[in-house]
>>> print(open('my_file.txt').read())   # compact mmCIF, N, CA and C atoms
# COMPACT_ATOMS: atom_id res chain seq x y z
N HIS A 1 -20.82 -96.18 47.14
CA HIS A 1 -19.52 -95.70 47.55
C HIS A 1 -18.49 -96.79 47.31
N PRO A 2 -17.50 -96.54 46.49
CA PRO A 2 -16.46 -97.54 46.28
C PRO A 2 -15.53 -97.64 47.49
N GLY A 3 -14.85 -98.77 47.60
CA GLY A 3 -13.91 -98.97 48.69
C GLY A 3 -12.73 -98.01 48.56
N GLY A 4 -12.06 -97.77 49.66
CA GLY A 4 -10.88 -96.92 49.64
C GLY A 4 -11.20 -95.45 49.76
N GLY A 5 -12.43 -95.12 50.12
CA GLY A 5 -12.79 -93.72 50.28
C GLY A 5 -13.03 -93.04 48.96
N GLY A 6 -12.90 -91.74 48.95
CA GLY A 6 -13.15 -90.99 47.73
C GLY A 6 -14.62 -90.65 47.58
N PRO A 7 -14.93 -89.87 46.57
CA PRO A 7 -16.31 -89.44 46.39
C PRO A 7 -17.20 -90.60 45.94
N PRO A 8 -18.48 -90.51 46.24
CA PRO A 8 -19.39 -91.58 45.81
C PRO A 8 -19.56 -91.57 44.29
N LEU A 9 -19.85 -92.72 43.74
CA LEU A 9 -20.19 -92.85 42.33
C LEU A 9 -21.71 -92.95 42.25
N HIS A 10 -22.28 -92.18 41.37
CA HIS A 10 -23.73 -92.14 41.25
C HIS A 10 -24.21 -93.02 40.11
N ALA A 11 -25.36 -93.67 40.33
CA ALA A 11 -25.96 -94.51 39.30
C ALA A 11 -27.47 -94.48 39.51
N HIS A 12 -28.19 -94.80 38.46
CA HIS A 12 -29.65 -94.84 38.52
C HIS A 12 -30.09 -96.15 39.16
N SER A 13 -30.88 -96.05 40.23
CA SER A 13 -31.30 -97.25 40.93
C SER A 13 -32.10 -98.17 40.01
N GLN A 14 -32.85 -97.61 39.07
CA GLN A 14 -33.65 -98.45 38.16
C GLN A 14 -32.75 -99.33 37.29
N VAL A 15 -31.63 -98.79 36.85
CA VAL A 15 -30.69 -99.57 36.04
C VAL A 15 -30.06 -100.66 36.91
N LEU A 16 -29.62 -100.30 38.10
CA LEU A 16 -29.02 -101.28 39.00
C LEU A 16 -29.99 -102.41 39.31
N CYS A 17 -31.22 -102.05 39.60
CA CYS A 17 -32.23 -103.06 39.95
C CYS A 17 -32.59 -103.94 38.76
N ALA A 18 -32.65 -103.36 37.57
CA ALA A 18 -33.00 -104.14 36.38
C ALA A 18 -31.89 -105.13 36.02
N ARG A 19 -30.65 -104.80 36.28
CA ARG A 19 -29.52 -105.64 35.85
C ARG A 19 -29.01 -106.59 36.94
N SER A 20 -29.38 -106.32 38.20
CA SER A 20 -28.87 -107.16 39.29
C SER A 20 -29.99 -107.45 40.29
N SER A 21 -30.28 -108.73 40.47
CA SER A 21 -31.32 -109.09 41.45
C SER A 21 -30.87 -108.75 42.87
N LEU A 22 -29.56 -108.74 43.11
CA LEU A 22 -29.06 -108.35 44.43
C LEU A 22 -29.34 -106.87 44.69
N PHE A 23 -29.02 -106.01 43.73
CA PHE A 23 -29.33 -104.59 43.88
C PHE A 23 -30.84 -104.38 43.98
N ASP A 24 -31.61 -105.17 43.23
CA ASP A 24 -33.07 -105.06 43.29
C ASP A 24 -33.55 -105.32 44.71
N ALA A 25 -33.03 -106.36 45.34
CA ALA A 25 -33.42 -106.68 46.71
C ALA A 25 -32.97 -105.59 47.68
N MET A 26 -31.76 -105.06 47.47
CA MET A 26 -31.22 -104.06 48.38
C MET A 26 -31.95 -102.73 48.29
N LEU A 27 -32.37 -102.36 47.09
CA LEU A 27 -32.91 -101.02 46.87
C LEU A 27 -34.43 -100.97 46.77
N ALA A 28 -35.08 -102.10 46.85
CA ALA A 28 -36.54 -102.12 46.74
C ALA A 28 -37.16 -101.29 47.86
N ASP A 29 -38.26 -100.64 47.54
CA ASP A 29 -38.95 -99.82 48.53
C ASP A 29 -39.33 -100.62 49.76
N ARG A 30 -39.68 -101.86 49.54
CA ARG A 30 -40.11 -102.72 50.63
C ARG A 30 -38.94 -103.38 51.36
N SER A 31 -37.73 -103.04 50.94
CA SER A 31 -36.54 -103.71 51.44
C SER A 31 -36.33 -103.48 52.93
N CYS A 32 -35.87 -104.53 53.56
CA CYS A 32 -35.46 -104.43 54.97
C CYS A 32 -33.98 -104.10 55.08
N TRP A 33 -33.30 -104.04 53.94
CA TRP A 33 -31.87 -103.74 53.93
C TRP A 33 -31.68 -102.25 54.20
N ALA A 34 -30.62 -101.91 54.87
CA ALA A 34 -30.32 -100.50 55.17
C ALA A 34 -30.15 -99.71 53.87
N GLU A 35 -29.60 -100.36 52.82
CA GLU A 35 -29.37 -99.66 51.56
C GLU A 35 -30.66 -99.15 50.94
N GLY A 36 -31.75 -99.88 51.14
CA GLY A 36 -33.03 -99.44 50.60
C GLY A 36 -33.49 -98.14 51.22
N ALA A 37 -33.28 -97.98 52.52
CA ALA A 37 -33.67 -96.76 53.21
C ALA A 37 -32.70 -95.62 52.94
N GLN A 38 -31.42 -95.94 52.84
CA GLN A 38 -30.39 -94.92 52.66
C GLN A 38 -30.26 -94.46 51.22
N GLY A 39 -30.61 -95.32 50.29
CA GLY A 39 -30.44 -94.99 48.87
C GLY A 39 -28.98 -94.99 48.45
N ALA A 40 -28.13 -95.64 49.23
CA ALA A 40 -26.70 -95.72 48.91
C ALA A 40 -26.19 -97.11 49.24
N ILE A 41 -25.21 -97.55 48.47
CA ILE A 41 -24.61 -98.86 48.68
C ILE A 41 -23.11 -98.69 48.80
N ARG A 42 -22.53 -99.30 49.81
CA ARG A 42 -21.08 -99.31 49.97
C ARG A 42 -20.56 -100.62 49.39
N VAL A 43 -19.53 -100.52 48.61
CA VAL A 43 -18.91 -101.72 48.04
C VAL A 43 -17.43 -101.71 48.38
N ASP A 44 -16.89 -102.91 48.55
CA ASP A 44 -15.48 -103.04 48.90
C ASP A 44 -14.67 -103.33 47.64
N VAL A 45 -14.73 -102.40 46.70
CA VAL A 45 -14.04 -102.52 45.42
C VAL A 45 -13.44 -101.15 45.09
N PRO A 46 -12.22 -101.11 44.58
CA PRO A 46 -11.64 -99.82 44.20
C PRO A 46 -12.50 -99.09 43.16
N ALA A 47 -12.45 -97.78 43.21
CA ALA A 47 -13.30 -96.95 42.34
C ALA A 47 -13.12 -97.27 40.86
N ASP A 48 -11.88 -97.45 40.39
CA ASP A 48 -11.65 -97.75 38.97
C ASP A 48 -12.37 -99.03 38.56
N SER A 49 -12.29 -100.04 39.40
CA SER A 49 -12.95 -101.31 39.11
C SER A 49 -14.46 -101.16 39.17
N PHE A 50 -14.95 -100.42 40.15
CA PHE A 50 -16.40 -100.26 40.27
C PHE A 50 -16.97 -99.46 39.10
N ARG A 51 -16.19 -98.52 38.56
CA ARG A 51 -16.64 -97.80 37.36
C ARG A 51 -16.85 -98.77 36.20
N LEU A 52 -15.95 -99.74 36.05
CA LEU A 52 -16.12 -100.76 35.01
C LEU A 52 -17.35 -101.61 35.28
N PHE A 53 -17.60 -101.91 36.54
CA PHE A 53 -18.79 -102.67 36.91
C PHE A 53 -20.06 -101.90 36.51
N LEU A 54 -20.08 -100.61 36.83
CA LEU A 54 -21.24 -99.79 36.43
C LEU A 54 -21.36 -99.72 34.91
N GLU A 55 -20.23 -99.61 34.22
CA GLU A 55 -20.26 -99.60 32.76
C GLU A 55 -20.93 -100.87 32.24
N PHE A 56 -20.59 -102.01 32.84
CA PHE A 56 -21.19 -103.26 32.41
C PHE A 56 -22.70 -103.25 32.69
N LEU A 57 -23.10 -102.78 33.86
CA LEU A 57 -24.53 -102.75 34.19
C LEU A 57 -25.31 -101.86 33.21
N TYR A 58 -24.71 -100.76 32.80
CA TYR A 58 -25.39 -99.83 31.89
C TYR A 58 -25.37 -100.30 30.44
N THR A 59 -24.27 -100.91 30.00
CA THR A 59 -24.11 -101.18 28.57
C THR A 59 -24.06 -102.66 28.20
N GLY A 60 -23.84 -103.52 29.19
CA GLY A 60 -23.67 -104.93 28.90
C GLY A 60 -22.26 -105.27 28.43
N ARG A 61 -21.38 -104.28 28.46
CA ARG A 61 -19.98 -104.47 28.05
C ARG A 61 -19.07 -103.84 29.11
N CYS A 62 -17.85 -104.31 29.10
CA CYS A 62 -16.88 -103.81 30.06
C CYS A 62 -15.59 -103.56 29.29
N SER A 63 -15.21 -102.32 29.14
CA SER A 63 -14.03 -101.99 28.33
C SER A 63 -12.77 -102.03 29.19
N PHE A 64 -12.22 -103.22 29.33
CA PHE A 64 -11.01 -103.33 30.12
C PHE A 64 -9.95 -102.45 29.52
N ASP A 65 -9.39 -102.61 28.50
CA ASP A 65 -8.27 -101.85 27.94
C ASP A 65 -8.58 -100.35 27.85
N ALA A 66 -8.92 -99.73 28.99
CA ALA A 66 -9.36 -98.33 28.98
C ALA A 66 -8.22 -97.34 28.87
N GLY A 67 -6.99 -97.80 29.08
CA GLY A 67 -5.85 -96.89 28.97
C GLY A 67 -5.75 -95.97 30.17
N GLY A 68 -5.16 -94.82 29.97
CA GLY A 68 -5.02 -93.86 31.05
C GLY A 68 -3.79 -94.14 31.89
N ALA A 69 -3.60 -93.34 32.90
CA ALA A 69 -2.39 -93.45 33.73
C ALA A 69 -2.31 -94.78 34.46
N ALA A 70 -3.48 -95.32 34.86
CA ALA A 70 -3.47 -96.57 35.62
C ALA A 70 -2.95 -97.74 34.79
N ALA A 71 -3.08 -97.67 33.47
CA ALA A 71 -2.66 -98.78 32.62
C ALA A 71 -1.21 -98.67 32.20
N SER A 72 -0.56 -97.59 32.53
CA SER A 72 0.83 -97.39 32.13
C SER A 72 1.73 -98.39 32.81
N THR A 73 2.75 -98.86 32.09
CA THR A 73 3.67 -99.82 32.68
C THR A 73 5.01 -99.20 33.02
N THR A 74 5.23 -97.96 32.64
CA THR A 74 6.52 -97.35 32.92
C THR A 74 6.59 -96.97 34.39
N GLY A 75 7.70 -97.34 35.01
CA GLY A 75 7.90 -97.00 36.42
C GLY A 75 7.12 -97.88 37.38
N GLU A 76 6.51 -98.96 36.90
CA GLU A 76 5.73 -99.83 37.76
C GLU A 76 6.67 -100.74 38.56
N THR A 77 6.21 -101.19 39.68
CA THR A 77 6.96 -102.10 40.51
C THR A 77 6.98 -103.48 39.85
N PRO A 78 8.16 -104.11 39.78
CA PRO A 78 8.20 -105.47 39.21
C PRO A 78 7.28 -106.40 39.99
N GLY A 79 6.56 -107.27 39.29
CA GLY A 79 5.63 -108.18 39.93
C GLY A 79 4.25 -107.62 40.12
N LYS A 80 4.09 -106.32 39.91
CA LYS A 80 2.78 -105.70 40.07
C LYS A 80 1.93 -105.98 38.83
N LEU A 81 0.67 -106.31 39.05
CA LEU A 81 -0.24 -106.63 37.95
C LEU A 81 -0.55 -105.40 37.11
N ASP A 82 -0.87 -105.62 35.83
CA ASP A 82 -1.31 -104.50 35.02
C ASP A 82 -2.74 -104.13 35.42
N ALA A 83 -3.21 -103.00 34.95
CA ALA A 83 -4.51 -102.46 35.37
C ALA A 83 -5.66 -103.39 35.01
N ASP A 84 -5.65 -103.96 33.79
CA ASP A 84 -6.74 -104.84 33.39
C ASP A 84 -6.83 -106.08 34.27
N ALA A 85 -5.70 -106.70 34.57
CA ALA A 85 -5.70 -107.89 35.41
C ALA A 85 -6.17 -107.55 36.82
N THR A 86 -5.72 -106.43 37.34
CA THR A 86 -6.15 -105.99 38.67
C THR A 86 -7.65 -105.78 38.72
N ARG A 87 -8.18 -105.09 37.72
CA ARG A 87 -9.63 -104.83 37.69
C ARG A 87 -10.41 -106.13 37.50
N ALA A 88 -9.91 -107.03 36.68
CA ALA A 88 -10.60 -108.30 36.47
C ALA A 88 -10.63 -109.11 37.76
N LEU A 89 -9.52 -109.10 38.52
CA LEU A 89 -9.51 -109.78 39.82
C LEU A 89 -10.50 -109.14 40.79
N ASP A 90 -10.63 -107.82 40.72
CA ASP A 90 -11.61 -107.12 41.57
C ASP A 90 -13.03 -107.46 41.18
N LEU A 91 -13.28 -107.55 39.87
CA LEU A 91 -14.65 -107.72 39.37
C LEU A 91 -15.14 -109.16 39.38
N LEU A 92 -14.26 -110.11 39.37
CA LEU A 92 -14.68 -111.51 39.30
C LEU A 92 -15.62 -111.89 40.46
N PRO A 93 -15.26 -111.60 41.71
CA PRO A 93 -16.20 -111.93 42.80
C PRO A 93 -17.50 -111.12 42.72
N LEU A 94 -17.41 -109.88 42.29
CA LEU A 94 -18.60 -109.04 42.15
C LEU A 94 -19.54 -109.60 41.08
N ALA A 95 -18.97 -110.05 39.98
CA ALA A 95 -19.77 -110.65 38.90
C ALA A 95 -20.48 -111.90 39.39
N SER A 96 -19.79 -112.68 40.18
CA SER A 96 -20.40 -113.89 40.73
C SER A 96 -21.50 -113.55 41.73
N LEU A 97 -21.23 -112.62 42.61
CA LEU A 97 -22.20 -112.20 43.62
C LEU A 97 -23.49 -111.67 42.99
N HIS A 98 -23.34 -110.92 41.91
CA HIS A 98 -24.50 -110.31 41.24
C HIS A 98 -25.06 -111.20 40.13
N MET A 99 -24.53 -112.42 40.02
CA MET A 99 -25.01 -113.40 39.04
C MET A 99 -24.99 -112.82 37.63
N LEU A 100 -23.81 -112.34 37.22
CA LEU A 100 -23.61 -111.75 35.90
C LEU A 100 -22.61 -112.62 35.13
N PRO A 101 -23.09 -113.71 34.53
CA PRO A 101 -22.17 -114.66 33.88
C PRO A 101 -21.38 -114.06 32.72
N ARG A 102 -21.93 -113.10 32.00
CA ARG A 102 -21.18 -112.48 30.90
C ARG A 102 -19.99 -111.67 31.41
N LEU A 103 -20.19 -110.95 32.51
CA LEU A 103 -19.08 -110.21 33.11
C LEU A 103 -18.06 -111.18 33.69
N GLN A 104 -18.54 -112.23 34.32
CA GLN A 104 -17.64 -113.23 34.88
C GLN A 104 -16.79 -113.84 33.77
N ALA A 105 -17.40 -114.15 32.63
CA ALA A 105 -16.65 -114.72 31.51
C ALA A 105 -15.64 -113.73 30.95
N GLN A 106 -16.03 -112.46 30.88
CA GLN A 106 -15.10 -111.44 30.37
C GLN A 106 -13.89 -111.31 31.30
N CYS A 107 -14.13 -111.31 32.60
CA CYS A 107 -13.03 -111.25 33.57
C CYS A 107 -12.13 -112.49 33.43
N ALA A 108 -12.76 -113.65 33.29
CA ALA A 108 -12.00 -114.89 33.14
C ALA A 108 -11.14 -114.85 31.88
N ASN A 109 -11.66 -114.29 30.79
CA ASN A 109 -10.88 -114.17 29.56
C ASN A 109 -9.67 -113.27 29.74
N VAL A 110 -9.86 -112.12 30.38
CA VAL A 110 -8.76 -111.19 30.62
C VAL A 110 -7.69 -111.87 31.48
N LEU A 111 -8.11 -112.55 32.53
CA LEU A 111 -7.17 -113.19 33.44
C LEU A 111 -6.50 -114.40 32.80
N GLY A 112 -7.25 -115.18 32.05
CA GLY A 112 -6.67 -116.33 31.37
C GLY A 112 -5.61 -115.91 30.36
N ARG A 113 -5.90 -114.85 29.63
CA ARG A 113 -4.93 -114.32 28.65
C ARG A 113 -3.66 -113.84 29.37
N ALA A 114 -3.84 -113.17 30.51
CA ALA A 114 -2.68 -112.66 31.26
C ALA A 114 -1.80 -113.81 31.75
N VAL A 115 -2.43 -114.87 32.24
CA VAL A 115 -1.66 -116.01 32.74
C VAL A 115 -0.94 -116.71 31.59
N LYS A 116 -1.65 -116.94 30.48
CA LYS A 116 -1.04 -117.62 29.33
C LYS A 116 0.12 -116.83 28.74
N GLN A 117 0.03 -115.51 28.80
CA GLN A 117 1.10 -114.66 28.28
C GLN A 117 2.18 -114.41 29.34
N LYS A 118 2.00 -115.04 30.51
CA LYS A 118 2.93 -114.86 31.63
C LYS A 118 3.14 -113.37 31.94
N ALA A 119 2.00 -112.68 32.01
CA ALA A 119 2.02 -111.24 32.28
C ALA A 119 2.64 -110.96 33.65
N ARG A 120 3.14 -109.75 33.78
CA ARG A 120 3.76 -109.30 35.02
C ARG A 120 2.81 -109.57 36.20
N GLY A 121 3.33 -110.20 37.23
CA GLY A 121 2.55 -110.47 38.43
C GLY A 121 1.98 -111.88 38.48
N PHE A 122 1.94 -112.58 37.35
CA PHE A 122 1.39 -113.93 37.32
C PHE A 122 2.47 -115.00 37.18
N GLU A 123 3.65 -114.72 37.72
CA GLU A 123 4.72 -115.70 37.69
C GLU A 123 4.32 -116.87 38.58
N GLU A 124 4.89 -118.04 38.29
CA GLU A 124 4.59 -119.23 39.08
C GLU A 124 4.89 -118.96 40.55
N GLY A 125 3.92 -119.29 41.40
CA GLY A 125 4.07 -119.10 42.84
C GLY A 125 3.75 -117.70 43.33
N SER A 126 3.35 -116.80 42.43
CA SER A 126 3.06 -115.42 42.85
C SER A 126 1.75 -115.33 43.62
N PRO A 127 1.61 -114.34 44.50
CA PRO A 127 0.36 -114.16 45.23
C PRO A 127 -0.85 -113.94 44.31
N ALA A 128 -0.64 -113.21 43.22
CA ALA A 128 -1.75 -112.95 42.31
C ALA A 128 -2.22 -114.23 41.63
N LEU A 129 -1.31 -115.09 41.26
CA LEU A 129 -1.68 -116.36 40.64
C LEU A 129 -2.42 -117.24 41.65
N GLN A 130 -1.97 -117.24 42.89
CA GLN A 130 -2.66 -118.01 43.92
C GLN A 130 -4.06 -117.44 44.17
N GLN A 131 -4.19 -116.12 44.19
CA GLN A 131 -5.50 -115.49 44.36
C GLN A 131 -6.42 -115.88 43.21
N LEU A 132 -5.89 -115.88 42.00
CA LEU A 132 -6.69 -116.26 40.83
C LEU A 132 -7.16 -117.70 40.93
N LEU A 133 -6.27 -118.60 41.33
CA LEU A 133 -6.65 -120.01 41.48
C LEU A 133 -7.71 -120.18 42.57
N ASP A 134 -7.54 -119.46 43.68
CA ASP A 134 -8.53 -119.52 44.76
C ASP A 134 -9.89 -119.02 44.29
N LEU A 135 -9.89 -117.89 43.57
CA LEU A 135 -11.15 -117.35 43.05
C LEU A 135 -11.79 -118.30 42.04
N SER A 136 -10.98 -118.95 41.22
CA SER A 136 -11.53 -119.85 40.21
C SER A 136 -12.23 -121.04 40.85
N VAL A 137 -11.69 -121.52 41.96
CA VAL A 137 -12.32 -122.62 42.67
C VAL A 137 -13.57 -122.12 43.39
N LEU A 138 -13.45 -121.01 44.09
CA LEU A 138 -14.56 -120.46 44.85
C LEU A 138 -15.77 -120.15 43.97
N HIS A 139 -15.51 -119.61 42.78
CA HIS A 139 -16.61 -119.19 41.89
C HIS A 139 -16.85 -120.18 40.76
N ASP A 140 -16.25 -121.35 40.86
CA ASP A 140 -16.46 -122.46 39.93
C ASP A 140 -16.23 -122.03 38.48
N ILE A 141 -15.00 -121.61 38.20
CA ILE A 141 -14.61 -121.20 36.86
C ILE A 141 -13.51 -122.16 36.39
N PRO A 142 -13.92 -123.30 35.81
CA PRO A 142 -12.94 -124.33 35.45
C PRO A 142 -11.89 -123.85 34.44
N GLN A 143 -12.24 -122.92 33.55
CA GLN A 143 -11.25 -122.47 32.57
C GLN A 143 -10.06 -121.80 33.23
N LEU A 144 -10.24 -121.26 34.44
CA LEU A 144 -9.12 -120.66 35.14
C LEU A 144 -8.43 -121.65 36.08
N THR A 145 -9.17 -122.61 36.59
CA THR A 145 -8.60 -123.59 37.50
C THR A 145 -7.52 -124.41 36.83
N CYS A 146 -7.70 -124.70 35.52
CA CYS A 146 -6.75 -125.58 34.84
C CYS A 146 -5.56 -124.83 34.25
N LEU A 147 -5.44 -123.53 34.49
CA LEU A 147 -4.29 -122.79 33.97
C LEU A 147 -3.11 -123.20 34.77
>>> encode(input="my_file.txt", output="structure tokens")
Amino acid sequence: HPGGGGPPLHAHSQVLCARSSLFDAMLADRSCWAEGAQGAIRVDVPADSFRLFLEFLYTGRCSFDAGGAAASTTGETPGKLDADATRALDLLPLASLHMLPRLQAQCANVLGRAVKQKARGFEEGSPALQQLLDLSVLHDIPQLTCL
């Protein structure tokens, strides 16, 4: 179940367990975790971002530039991050938690590019830039710390 309510997203437990040792521990038959007995996992990530996370678990790739209404910039609030940057900020801690260095690197690339291009929301002193710097220190991502 993604954060923010809405309908649950379904995935094959075998795929989740094969790609993430955390999911493997949570969903194992012998698990003492509630998720193992319930067969469901709640995550504190928006549904759009969690769909990308599942895409990565299934395919080994994460198609950030997915387009759609969420990626539109017309009528957006000034200072608001674009969809790719928002999803990358959502996924970075999840990638670290699930020990997925390729996803972590992909998120870091998207965010690094956004900062270097001075994308909307990453102005000096902005909350999003501070969040990015905090995450880069917390998850030991030096390529983002030095931006």
>>> closest_residue(input="my_file.txt", among="A:Leu111, A:Pro46, A:Lys118, A:Ser63", to="Leu144 (chain A)", atoms="only N, CA and C atoms")
A:Leu111
>>> atom_distance(input="my_file.txt", atom1="CA of Asp90 (chain A)", atom2="CA of Pro7 (chain A)")
18.9 Å
>>> closest_residue(input="my_file.txt", among="A:Val15, A:Leu52, A:Leu133, A:Leu57", to="Leu91 (chain A)", atoms="only C-alpha atoms")
A:Leu52
>>> atom_distance(input="my_file.txt", atom1="atom C of Ala83 (chain A)", atom2="atom C of Phe64 (chain A)")
7.0 Å
>>> closest_residue(input="my_file.txt", among="A:Asp82, A:Leu22, A:Val43, A:Leu9", to="Ala119 (chain A)", atoms="only N, CA and C atoms")
A:Asp82
>>> closest_residue(input="my_file.txt", among="A:Ser21, A:Ser126, A:Gln14, A:Thr86", to="Ser49 (chain A)", atoms="only C-alpha atoms")
A:Thr86
>>> closest_residue(input="my_file.txt", among="A:Ile41, A:Leu81, A:Ala105, A:Cys146", to="Leu16 (chain A)", atoms="only C-alpha atoms")
A:Ile41
>>> atom_distance(input="my_file.txt", atom1="atom N of Leu135 (chain A)", atom2="atom C of Ala108 (chain A)")
12.1 Å
>>> closest_residue(input="my_file.txt", among="A:His139, A:Pro127, A:Leu100, A:Cys107", to="Ala88 (chain A)", atoms="all atoms listed in the file")
A:Cys107
>>> residues_around(input="my_file.txt", residues="Leu103 (chain A)", least_positions_apart="4", cutoff="9 Å", atoms="only C-alpha atoms", output="mmCIF file with N, CA and C atoms, in the frame of the given file")
data_model
loop_
_atom_site.group_PDB
_atom_site.id
_atom_site.type_symbol
_atom_site.label_atom_id
_atom_site.label_comp_id
_atom_site.auth_asym_id
_atom_site.auth_seq_id
_atom_site.Cartn_x
_atom_site.Cartn_y
_atom_site.Cartn_z
ATOM 1 N N PHE A 53 -17.600 -101.910 36.540
ATOM 2 C CA PHE A 53 -18.790 -102.670 36.910
ATOM 3 C C PHE A 53 -20.060 -101.900 36.510
ATOM 4 N N PHE A 56 -20.590 -102.010 32.840
ATOM 5 C CA PHE A 56 -21.190 -103.260 32.410
ATOM 6 C C PHE A 56 -22.700 -103.250 32.690
ATOM 7 N N GLY A 60 -23.840 -103.520 29.190
ATOM 8 C CA GLY A 60 -23.670 -104.930 28.900
ATOM 9 C C GLY A 60 -22.260 -105.270 28.430
ATOM 10 N N ARG A 61 -21.380 -104.280 28.460
ATOM 11 C CA ARG A 61 -19.980 -104.470 28.050
ATOM 12 C C ARG A 61 -19.070 -103.840 29.110
ATOM 13 N N CYS A 62 -17.850 -104.310 29.100
ATOM 14 C CA CYS A 62 -16.880 -103.810 30.060
ATOM 15 C C CYS A 62 -15.590 -103.560 29.290
ATOM 16 N N LEU A 91 -13.280 -107.550 39.870
ATOM 17 C CA LEU A 91 -14.650 -107.720 39.370
ATOM 18 C C LEU A 91 -15.140 -109.160 39.380
ATOM 19 N N LEU A 92 -14.260 -110.110 39.370
ATOM 20 C CA LEU A 92 -14.680 -111.510 39.300
ATOM 21 C C LEU A 92 -15.620 -111.890 40.460
ATOM 22 N N ALA A 95 -18.970 -110.050 39.980
ATOM 23 C CA ALA A 95 -19.770 -110.650 38.900
ATOM 24 C C ALA A 95 -20.480 -111.900 39.390
ATOM 25 N N SER A 96 -19.790 -112.680 40.180
ATOM 26 C CA SER A 96 -20.400 -113.890 40.730
ATOM 27 C C SER A 96 -21.500 -113.550 41.730
ATOM 28 N N MET A 99 -24.530 -112.420 40.020
ATOM 29 C CA MET A 99 -25.010 -113.400 39.040
ATOM 30 C C MET A 99 -24.990 -112.820 37.630
ATOM 31 N N CYS A 107 -14.130 -111.310 32.600
ATOM 32 C CA CYS A 107 -13.030 -111.250 33.570
ATOM 33 C C CYS A 107 -12.130 -112.490 33.430
ATOM 34 N N ALA A 108 -12.760 -113.650 33.290
ATOM 35 C CA ALA A 108 -12.000 -114.890 33.140
ATOM 36 C C ALA A 108 -11.140 -114.850 31.880
#
